[in-house]
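Engineer: Quick one: the structure is below, and I'll ask about it shortly.
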Amino acid sequence: MQKIFPLKRWLCMALVAASFTFYGCLLLVPFSSLSAERKIALSAVLVILGERSFDWRRRLFCMEGKN
């Protein structure tokens, strides 16, 4: 159990960083040379990825007490 906790901690930090990265990339979408339809699709994908990575972080912390 002692070796699993640091791994979970680093994984959770990486998922938070990934979430911020996905949302940060969302700020660059309007400046891309894509068509409007592709910008909308890319924005939706980035939001979904950002939310899912943040959700996985929450799930790891909630599962911690059940181990």
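Within each chain, counting starts at residue 1; across the structure tokens, chains are named A, B, ... in the order shown, with ligands numbered 1 upward in that order.
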Excluding Leu46 in chain A and residues on its chain fewer than 3 positions from it, collect all residues at most 9 Å away from it, counting only C-alpha atoms, and give them as a list in words.
Structural biologist: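 Residues meeting the cut-off are Phe22, Tyr23, Cys25, Leu26, Ala41, Leu42, Ser43, Leu49, Gly50 and Glu51 of chain A.
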Engineer: Pull C-alpha atoms from the residues just selected and write them as an mmCIF file, in the first residue's frame.
Structural biologist:
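Contents of result.cif, freshly written:
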```cif
data_model
loop_
_atom_site.group_PDB
_atom_site.id
_atom_site.type_symbol
_atom_site.label_atom_id
_atom_site.label_comp_id
_atom_site.auth_asym_id
_atom_site.auth_seq_id
_atom_site.Cartn_x
_atom_site.Cartn_y
_atom_site.Cartn_z
ATOM 1 C CA PHE A 22 -6.220 20.784 -22.682
ATOM 2 C CA TYR A 23 -7.980 23.918 -21.445
ATOM 3 C CA CYS A 25 -4.955 24.674 -25.846
ATOM 4 C CA LEU A 26 -8.584 25.725 -26.028
ATOM 5 C CA ALA A 41 -15.251 20.205 -33.160
ATOM 6 C CA LEU A 42 -11.727 20.754 -31.801
ATOM 7 C CA SER A 43 -13.082 22.926 -28.983
ATOM 8 C CA LEU A 49 -10.596 15.655 -22.728
ATOM 9 C CA GLY A 50 -10.037 18.288 -20.054
ATOM 10 C CA GLU A 51 -13.117 17.227 -18.117
#
```
Engineer: Assign secondary structure with DSSP using the backbone only, and return the residues of chain A in alpha helix (DSSP H) as a ChimeraX atom specification.
Structural biologist: /A:4-26,36-64
Engineer: Go ahead and save the residues from that selection, with N, CA and C atoms, as a compact mmCIF listing (two decimals), in the first residue's frame.
Structural biologist:
```txt
# COMPACT_ATOMS: atom_id res chain seq x y z
N ILE A 4 1.93 2.23 -3.55
CA ILE A 4 0.85 2.62 -4.44
C ILE A 4 0.50 4.09 -4.25
N PHE A 5 0.56 4.59 -3.02
CA PHE A 5 0.16 5.97 -2.75
C PHE A 5 1.00 6.99 -3.52
N PRO A 6 2.35 6.91 -3.55
CA PRO A 6 3.11 7.89 -4.34
C PRO A 6 2.79 7.80 -5.83
N LEU A 7 2.56 6.59 -6.33
CA LEU A 7 2.20 6.45 -7.73
C LEU A 7 0.88 7.14 -8.03
N LYS A 8 -0.10 6.96 -7.15
CA LYS A 8 -1.40 7.63 -7.34
C LYS A 8 -1.24 9.14 -7.27
N ARG A 9 -0.40 9.59 -6.35
CA ARG A 9 -0.20 11.03 -6.18
C ARG A 9 0.39 11.64 -7.45
N TRP A 10 1.41 11.01 -8.00
CA TRP A 10 2.02 11.53 -9.21
C TRP A 10 1.07 11.42 -10.40
N LEU A 11 0.31 10.35 -10.46
CA LEU A 11 -0.66 10.20 -11.54
C LEU A 11 -1.74 11.27 -11.46
N CYS A 12 -2.18 11.56 -10.25
CA CYS A 12 -3.19 12.61 -10.07
C CYS A 12 -2.64 13.97 -10.48
N MET A 13 -1.40 14.25 -10.13
CA MET A 13 -0.80 15.53 -10.53
C MET A 13 -0.65 15.60 -12.05
N ALA A 14 -0.30 14.49 -12.67
CA ALA A 14 -0.17 14.48 -14.13
C ALA A 14 -1.53 14.70 -14.80
N LEU A 15 -2.59 14.14 -14.22
CA LEU A 15 -3.91 14.33 -14.79
C LEU A 15 -4.39 15.77 -14.64
N VAL A 16 -4.06 16.40 -13.53
CA VAL A 16 -4.41 17.82 -13.36
C VAL A 16 -3.64 18.66 -14.37
N ALA A 17 -2.36 18.36 -14.56
CA ALA A 17 -1.56 19.08 -15.55
C ALA A 17 -2.12 18.88 -16.95
N ALA A 18 -2.56 17.66 -17.25
CA ALA A 18 -3.16 17.39 -18.56
C ALA A 18 -4.45 18.18 -18.73
N SER A 19 -5.24 18.27 -17.68
CA SER A 19 -6.48 19.04 -17.76
C SER A 19 -6.19 20.50 -18.06
N PHE A 20 -5.22 21.09 -17.35
CA PHE A 20 -4.85 22.48 -17.61
C PHE A 20 -4.30 22.65 -19.03
N THR A 21 -3.57 21.66 -19.51
CA THR A 21 -3.02 21.73 -20.87
C THR A 21 -4.13 21.72 -21.91
N PHE A 22 -5.11 20.83 -21.73
CA PHE A 22 -6.22 20.78 -22.68
C PHE A 22 -7.00 22.09 -22.69
N TYR A 23 -7.27 22.65 -21.51
CA TYR A 23 -7.98 23.92 -21.44
C TYR A 23 -7.10 25.06 -21.95
N GLY A 24 -5.81 24.99 -21.76
CA GLY A 24 -4.91 26.00 -22.30
C GLY A 24 -4.88 25.99 -23.82
N CYS A 25 -4.91 24.79 -24.39
CA CYS A 25 -4.95 24.67 -25.85
C CYS A 25 -6.26 25.22 -26.40
N LEU A 26 -7.29 25.19 -25.60
CA LEU A 26 -8.58 25.72 -26.03
C LEU A 26 -8.47 27.22 -26.33
N ALA A 36 -14.47 26.96 -39.48
CA ALA A 36 -15.30 27.17 -38.29
C ALA A 36 -15.84 25.85 -37.75
N GLU A 37 -16.22 24.95 -38.64
CA GLU A 37 -16.75 23.66 -38.19
C GLU A 37 -15.68 22.86 -37.45
N ARG A 38 -14.47 22.88 -37.96
CA ARG A 38 -13.38 22.15 -37.32
C ARG A 38 -12.97 22.80 -36.00
N LYS A 39 -13.05 24.12 -35.93
CA LYS A 39 -12.75 24.80 -34.66
C LYS A 39 -13.76 24.41 -33.59
N ILE A 40 -15.01 24.32 -33.98
CA ILE A 40 -16.05 23.92 -33.02
C ILE A 40 -15.82 22.49 -32.56
N ALA A 41 -15.50 21.61 -33.51
CA ALA A 41 -15.25 20.20 -33.16
C ALA A 41 -14.01 20.08 -32.27
N LEU A 42 -12.95 20.80 -32.60
CA LEU A 42 -11.73 20.75 -31.80
C LEU A 42 -11.97 21.30 -30.40
N SER A 43 -12.75 22.37 -30.30
CA SER A 43 -13.08 22.93 -28.98
C SER A 43 -13.84 21.91 -28.14
N ALA A 44 -14.80 21.24 -28.76
CA ALA A 44 -15.58 20.23 -28.03
C ALA A 44 -14.68 19.09 -27.55
N VAL A 45 -13.78 18.64 -28.41
CA VAL A 45 -12.87 17.55 -28.04
C VAL A 45 -11.96 17.97 -26.89
N LEU A 46 -11.43 19.20 -26.95
CA LEU A 46 -10.54 19.67 -25.88
C LEU A 46 -11.27 19.80 -24.55
N VAL A 47 -12.51 20.27 -24.58
CA VAL A 47 -13.29 20.39 -23.35
C VAL A 47 -13.57 19.00 -22.77
N ILE A 48 -13.95 18.07 -23.63
CA ILE A 48 -14.24 16.71 -23.16
C ILE A 48 -12.98 16.07 -22.57
N LEU A 49 -11.84 16.22 -23.25
CA LEU A 49 -10.60 15.66 -22.73
C LEU A 49 -10.20 16.30 -21.41
N GLY A 50 -10.37 17.61 -21.30
CA GLY A 50 -10.04 18.29 -20.05
C GLY A 50 -10.91 17.83 -18.90
N GLU A 51 -12.20 17.68 -19.16
CA GLU A 51 -13.12 17.23 -18.12
C GLU A 51 -12.85 15.78 -17.74
N ARG A 52 -12.58 14.94 -18.72
CA ARG A 52 -12.36 13.52 -18.42
C ARG A 52 -11.07 13.32 -17.63
N SER A 53 -10.03 14.08 -17.97
CA SER A 53 -8.79 13.92 -17.22
C SER A 53 -8.97 14.40 -15.78
N PHE A 54 -9.76 15.45 -15.59
CA PHE A 54 -10.01 15.92 -14.23
C PHE A 54 -10.90 14.93 -13.48
N ASP A 55 -11.84 14.29 -14.18
CA ASP A 55 -12.72 13.30 -13.57
C ASP A 55 -11.93 12.07 -13.13
N TRP A 56 -10.96 11.63 -13.92
CA TRP A 56 -10.16 10.47 -13.54
C TRP A 56 -9.34 10.76 -12.30
N ARG A 57 -8.90 12.01 -12.15
CA ARG A 57 -8.17 12.39 -10.95
C ARG A 57 -9.07 12.24 -9.73
N ARG A 58 -10.30 12.70 -9.84
CA ARG A 58 -11.26 12.59 -8.74
C ARG A 58 -11.54 11.13 -8.42
N ARG A 59 -11.66 10.31 -9.42
CA ARG A 59 -11.93 8.88 -9.18
C ARG A 59 -10.78 8.21 -8.45
N LEU A 60 -9.55 8.58 -8.79
CA LEU A 60 -8.41 7.99 -8.10
C LEU A 60 -8.39 8.36 -6.63
N PHE A 61 -8.71 9.61 -6.30
CA PHE A 61 -8.75 10.03 -4.91
C PHE A 61 -9.90 9.37 -4.16
N CYS A 62 -11.04 9.20 -4.82
CA CYS A 62 -12.19 8.56 -4.15
C CYS A 62 -11.93 7.08 -3.93
N MET A 63 -11.20 6.45 -4.81
CA MET A 63 -10.92 5.03 -4.66
C MET A 63 -9.86 4.78 -3.60
N GLU A 64 -9.14 5.82 -3.19
CA GLU A 64 -8.03 5.66 -2.24
C GLU A 64 -8.51 5.07 -0.91
```
